[in-house]
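Q: Pasting a structure here, questions to come.
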Amino acid sequence: MNARVRMISVVAACVLILGGAVSYGMVAFASYQRAEKEPSEVGAVHKTGAAAATAAPRIVFRDTAPGSDYGHVASVPLDDPSGTRAVTDLVCDRVYETNRYESCLRTNAGVVTTYTATLLDHSGSIVKKWGLPGLPSRTRISHDDKLAAFTSFVTGSAYATVGFSTATDIYSISDGHDYGNIEQFTLYIDGAVNTAADRNVWGVTFVPGDDNAFFATAATGGNTYLVRGDLNARTLTAVHKTAECPSVSPDGTRVAFKVNVSKTSTAYWNVAVLDLASGRLTMMPDKRDMDDQVEWLNDSTILYGLPRKGAPGDYDVWATAADGTGSPSLLIQHAWSPAVITQ
Amino acid sequence: MYITLSDRGAASTPATKGRAISRVSSTVIAMGIVSMFTDISSESVAAVLPLYITAAMGMSTIAYGFIDGLYQGVSAVVRIGGGWAADRSDQPKWVAFFGYGISALARIWLLFATGFGAVTSVVAIDRLGKGIRTAPRDALITASSRADNLGRSFGVHRMLDTIGAAVGPLLAFVILWILPGGYRAIFVLSLAFAIIGVLILGAVVRNGRPAREAGRRPVRRFWNAGDLKLPGMPRLLVATGALSLVTVGDGFIYLVLQARSSFAAEWFPLLYVGTNVVFLVLAIPLGRCADRVGRGRVFLIGHLALFAVYLVTTIPVGGVAITFLCLALLGAFYAATDGVLSALTAQLTPPESTASGIAATQTVTAIARLIASAGFGMLWFALGREHAMQLVAGLAVLAVVASFVVLRPLLGVLRSPVSVAREFDE
C-alpha cells in the first residue's frame, strides 16, 4: 500500500466514522422533534404572562412530562393535585414560588452555556438576576416575601475543577441587600470556629416569622451538618450532624432533611424529620434514594421529588406523613421542585 | 560519561523562510491533529459530564469532584510507566497508541454505562490512557524535530491540542442546545473523534525509533537512574517542582474573578475557554521565542505571567478589563511553559531516555500542582481569599528567584545540548 492509497483510505475511513456519528445525531434529533411536537401526556391548559398568575391555593412545580411542556413551570390546585395543570411560558430547572415572588434557576443552553438565577414578581417581570457559577441546585423564598436564597454547583470544566463545591447566596428582597455567598459566614461546629478548606454550604430554608434566621447544610471533612444561620451576625451554627437540604415546617417546630444512609462512598439518601425542641429524629418510611429539598404541604405532610423509573429526566412528587407513619403516596405525576402556596 | 553539554549549534540548519507551521515536520503536525481529535473527544464529554450525572441520571455531583483529584494523581504515576515503556521498547508511537486506544475503548463503554460508578470508571480509564500516552507522544515529537526548533514543534502541537480542548466543550453544548438531553449523541460523536485520532496515529504517524535513529541502544533497566543524573536534569526537576508548588489551580483564580466581577460570574463556566484561546494563539510564537532566546528563560518568564495574575487578583478592583487581563496572562503562562517544558527536558536528555525524562518533569509538575491546590484550598479558608492570594504571590516571587538561580546554566540557547556518541552504526 503506497502512501497515497493509505492517505486516501484513512481520509475515507474518517469521513465514514464521522458520517456515522452525524447520522446517529440526525436520527436522534428527528425523534426528539417528533416527541417535542406531541402534546404532553398529562392533562394541561396553557397560560401566558399575567394570566398564569392565579391567586388560588396551589402547588407550583417544574413540569417533567415528556412532550412540549417539558421543563415549564406549571401548577395544580392545592385541593386537586392530580387535576389539570396550568402550564406557563417560564422554563426553569429549579423553581420556588410564594404569593408575591418566583425564583427560577435555569441552564441557558447555547453555543456558550450559562446558568442564571432570576427573581420575578407576580406579573412576571424581573426583580433581579444573577449569573450562577454552575449547575442550579436549590432555591427558596421566605414566606413573608422578604428573603430569597439560591444554591448552585461550582462547575467549569475539567480545567476548572476544584473539587465538589457549591455557592449559596441569600438576597434580601425587602431592602435589596445581597448577603453574598454565605460560605463566608463564620461557621461554628461544637462551639468552635471551623476554618476548614473543604467547607461548603447549600440548601437554605427560611424560618417562618423570623426574617433573620434560616437553616442550611454545611459540609466539611466528609461530614454534613444542619446549621442555623443568623443573617445579622453572619454566623452558621451546627445544630445536628448528618443532614442535607433542610426544610422548616410551616409552624417552625420541625426540620425535614435528607440523611445519607450509605455505607459506601456513593451517597444514598432517605428523608428524616427532626423535632427542634426535643431533638427527636424520625426516619421516613420511604427507603428509596431521594435527592431533593423537602417541601411541606402542611404541618403534617411533606413532599419531595423522586426520579421516575426508566425515564431519565422525568420525576414524580411524592407525599408522606411527617410523623413517619403510613406509606408514601404519589401526589403529582411528572413533576419536580414543588412549592406550596396556601393563600 | 558519554554525554557532554555543548553549544555547538552545528546541528542547526540555516533557517528557511516560510510559515511557522510548514517548518515543523509532518509527524509533529500529524501528532497535533491526533491530539486535537482526541481532545475534542475527551473535552466534549468532560464538559457535559456534571450535567449528565445530575440532569440525566438524577444523581448528585458530590462525589465527582472528589474523585477527580484522585484520578489526576493516578495519571501522574502512570505517566512514569508510559515514559519508561517508550524508552525501553524504543517504540514511543505504539506506547502512545496503546494510551490513545484505551481512552477510545473507554468511550465505547460510556455508551452503555448506566450507574455513577460506571461513569466515573470511564473517566478513570480515560485518565489512565492520557497518563500513558503523554510522555511517549512528546518523545516522538522530539525525535521528529530538529534540536533548534523543538520549541516551535511543541508550540505547533500544543496549538492543535488546545484547539481540540476549546472546540470540544463548545461542540457538546451546541449539541445540547439543538438536541436537549442529547448526551448519547455527544458520546457517539466523542467516540467517533477518538477512533479518528487513533486511526490517524496508527496509519499516518511515522514509527519513530528515537534511540535507533540516533545510533544508540534502548535503555534496559526499569528506571534509568542515570536520567536524573544527566547534566541539568536535577536542576530542572528542582526548579519545576518549586515553581509548580506555587501554581494553584486555575479554578481558584476563576473563583476570585467570579467573586470580583459580575461579568466573570456570569461567564464563569466559560472562563477557561478564554484562557485556551490565548494559549492556542500564543503557543507557536512563544515556542519560537523559546528557541531563539532560550527555553529556560521563556519557561521562567511564563511563570512570572502566572504570578502577575495572582498580584492582579489581589488588587481590589473588578470589572471586565481585569478578567480579560487575567485570562490573557493565564493563557500566556500555559503557552510559555507547557510545551516549552517538554522542549527543555528533551534538550537535556539523550534520545534513548527522552520519554522517561519528559515523564519525570511532567510527573513532578503534576504532583507539585496537586499539593499546591490542596494547600491553597486550606489557605483560602484560613486566611481568606485576598490574603491567601497575597501569600502565594509572595511565595511565588521567592520560587522564581530560587528557580532563576538553579536554572542559570540552562537559561541560554542550547542548540544541540546533549551530544552523544553513536554506540553502533547501521
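Order determines the names: the first chain of the C-alpha cells is A, the second B, and so forth; residues in each chain are numbered 1 upward, and ligands are numbered 1 upward as they are shown.
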Check region 183-217 of chain A with DSSP on the backbone and list each residue it calls strand (DSSP E), as a list in words.
A: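 The strand (DSSP E) residues within region 183-217 of chain A come out as Thr186, Leu187, Tyr188, Ile189, Ala192, Val193, Asn194, Asn200, Val201, Trp202, Gly203, Val204, Thr205, Phe206, Ala213, Phe214, Phe215, Ala216 and Thr217 of chain A.
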Q: Please produce, as a tab-separated table, a per-residue contact table for region 267-300 of chain A versus region 58-69 of chain A (criterion: any atom at most 12 Å away, only C-alpha atoms considered), showing the nearest atom pair and its distance in Å to one decimal, sorted by chain then residue number.
A:
```
residue	atom	partner	partner_atom	distance
A:Glu295	CA	A:Ile59	CA	10.3
A:Trp296	CA	A:Ile59	CA	10.8
A:Leu297	CA	A:Ile59	CA	8.6
A:Asn298	CA	A:Ile59	CA	11.6
```
Q: How about saving the chosen residues, N, CA and C atoms kept, as a PDB file, in the first residue's frame?
A:
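Done, and the output landed in part_29.pdb:
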```pdb
ATOM      1  N   GLU A 295     -40.413  19.827  50.665  1.00  0.00           N
ATOM      2  CA  GLU A 295     -41.338  20.956  50.806  1.00  0.00           C
ATOM      3  C   GLU A 295     -42.492  20.481  51.682  1.00  0.00           C
ATOM      4  N   TRP A 296     -42.974  21.335  52.580  1.00  0.00           N
ATOM      5  CA  TRP A 296     -44.071  20.942  53.463  1.00  0.00           C
ATOM      6  C   TRP A 296     -45.399  21.287  52.802  1.00  0.00           C
ATOM      7  N   LEU A 297     -46.287  20.277  52.680  1.00  0.00           N
ATOM      8  CA  LEU A 297     -47.624  20.509  52.130  1.00  0.00           C
ATOM      9  C   LEU A 297     -48.456  21.244  53.187  1.00  0.00           C
ATOM     10  N   ASN A 298     -48.310  20.797  54.426  1.00  0.00           N
ATOM     11  CA  ASN A 298     -48.911  21.452  55.592  1.00  0.00           C
ATOM     12  C   ASN A 298     -48.113  20.963  56.796  1.00  0.00           C
TER      13      ASN A 298
END
```
Q: Quick one: residues within 9 Å of region 353-369 of chain B, only C-alpha atoms, excluding same-chain residues fewer than 3 positions away - as a PyMOL selection string?
A: chain B and resi 72-73+75-77+79-88+92+134-140+142-143+210-211+218-219+223-224+227-228+233+236-238+240-249+341-343+345-350+372-374
Q: For region 31-41 of chain A, work out the shell of residues within 12 Å, counting only C-alpha atoms and skipping chain neighbours fewer than 3 positions away, then give it as a count of residues only.
A: 30
Q: For Pro285 (chain A), work out the shell of residues within 12 Å, counting only C-alpha atoms and skipping chain neighbours fewer than 3 positions away, then give it as a count of residues only.
A: 18
Q: Just asking: which residues within region 36-270 of chain B are alpha helix (DSSP H) according to DSSP, as a ChimeraX atom specification?
A: /B:36-51,62-89,92-112,116-143,150-178,183-203,210-213,225-229,233-245,250-260,262-266
Q: Fewer than 3 positions away in the same chain doesn't count, so skip those; otherwise give me all residues within 9 Å of Val406 (chain B), counting only C-alpha atoms, as an mmCIF file with C-alpha atoms, in the first residue's frame.
A:
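Result saved to part.cif:
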```cif
data_model
loop_
_atom_site.group_PDB
_atom_site.id
_atom_site.type_symbol
_atom_site.label_atom_id
_atom_site.label_comp_id
_atom_site.auth_asym_id
_atom_site.auth_seq_id
_atom_site.Cartn_x
_atom_site.Cartn_y
_atom_site.Cartn_z
ATOM 1 C CA ARG B 235 18.315 21.396 38.329
ATOM 2 C CA LEU B 236 15.290 21.290 36.054
ATOM 3 C CA VAL B 238 14.081 21.055 41.408
ATOM 4 C CA ALA B 239 13.072 24.250 39.611
ATOM 5 C CA VAL B 401 14.215 33.870 42.273
ATOM 6 C CA ALA B 402 15.293 30.444 43.545
ATOM 7 C CA SER B 403 14.487 28.835 40.189
ATOM 8 C CA PRO B 409 23.161 27.217 33.474
ATOM 9 C CA LEU B 410 20.110 26.307 31.395
#
```
Q: Which of these, A:Cys14, A:Asp299, A:Arg140, A:Lys47, has the shortest distance to Ile200 (chain B) once you count only C-alpha atoms?
A: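 The answer is A:Cys14, which sits nearest to Ile200 (chain B).
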Q: In Å to one decimal, how far is CA of Leu306 (chain B) from CA of Phe279 (chain B)?
A: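 We find that CA of Phe279 (chain B) and CA of Leu306 (chain B) lie 12.7 Å from each other.
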Q: Mind pulling up the distance from CA of Met159 (chain B) to CA of Ala3 (chain A)?
A: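 A separation of 26.4 Å between them.
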Q: Counting only C-alpha atoms, figure out which residue out of B:Met378, B:Val400, B:Leu282, B:Leu395 gets nearest to chain A.
A: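 Closest to chain A of all the choices is B:Met378.
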Q: Can you list, as a VMD selection string, every protein, DNA or RNA residue that comes within 7 Å of region 25-35 of chain B when you count only C-alpha atoms, leaving out same-chain residues fewer than 2 positions away?
A: chain B and resid 23 37 to 39 141 144 to 145 153 157 160 to 161 197 200 to 201 205 to 206
Q: Can you spit out the residues from that selection as a compact mmCIF listing (two decimals), in the first residue's frame, using C-alpha atoms?
A:
```txt
# COMPACT_ATOMS: atom_id res chain seq x y z
CA ARG B 23 8.66 24.32 9.03
CA PHE B 37 -9.30 14.98 17.69
CA THR B 38 -8.63 13.21 20.98
CA ASP B 39 -9.12 16.43 22.93
CA ILE B 141 7.69 14.88 18.66
CA SER B 144 10.80 14.15 14.67
CA SER B 145 12.15 17.65 15.20
CA SER B 153 7.41 21.97 17.17
CA HIS B 157 1.50 20.54 18.68
CA LEU B 160 -3.59 21.98 17.70
CA ASP B 161 -4.14 20.18 21.01
CA GLY B 197 -7.47 10.10 16.42
CA ILE B 200 -4.55 8.72 12.18
CA LEU B 201 -1.93 7.85 14.79
CA VAL B 205 2.20 8.92 12.04
CA ARG B 206 5.71 7.66 11.38
```
Q: For Ile108 (chain B), which of B:Phe252, B:Phe404, B:Phe193, B:Phe333 is the closest residue, counting only C-alpha atoms?
A: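 Using only C-alpha atoms, Ile108 (chain B) sits closest to B:Phe193.
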Q: Could you make a table, as a tab-separated table, of the residues of region 120-226 of chain A that have an atom within 7 Å of an atom of region 104-115 of chain A, each with its nearest atom pair and distance in Å to one decimal, counting only C-alpha atoms, in chain and number order?
A:
```
residue	atom	partner	partner_atom	distance
A:Gly131	CA	A:Tyr115	CA	6.0
A:Leu132	CA	A:Tyr115	CA	5.1
A:Pro133	CA	A:Tyr115	CA	7.0
A:Gly134	CA	A:Tyr115	CA	6.1
A:Leu135	CA	A:Tyr115	CA	6.6
A:Pro136	CA	A:Leu105	CA	5.7
```
Q: One decimal, in Å: what's the spacing between CA of Gly252 (chain A) and CA of Val207 (chain A)?
A: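 About the pair CA of Gly252 (chain A) and CA of Val207 (chain A): they are 6.3 Å apart.
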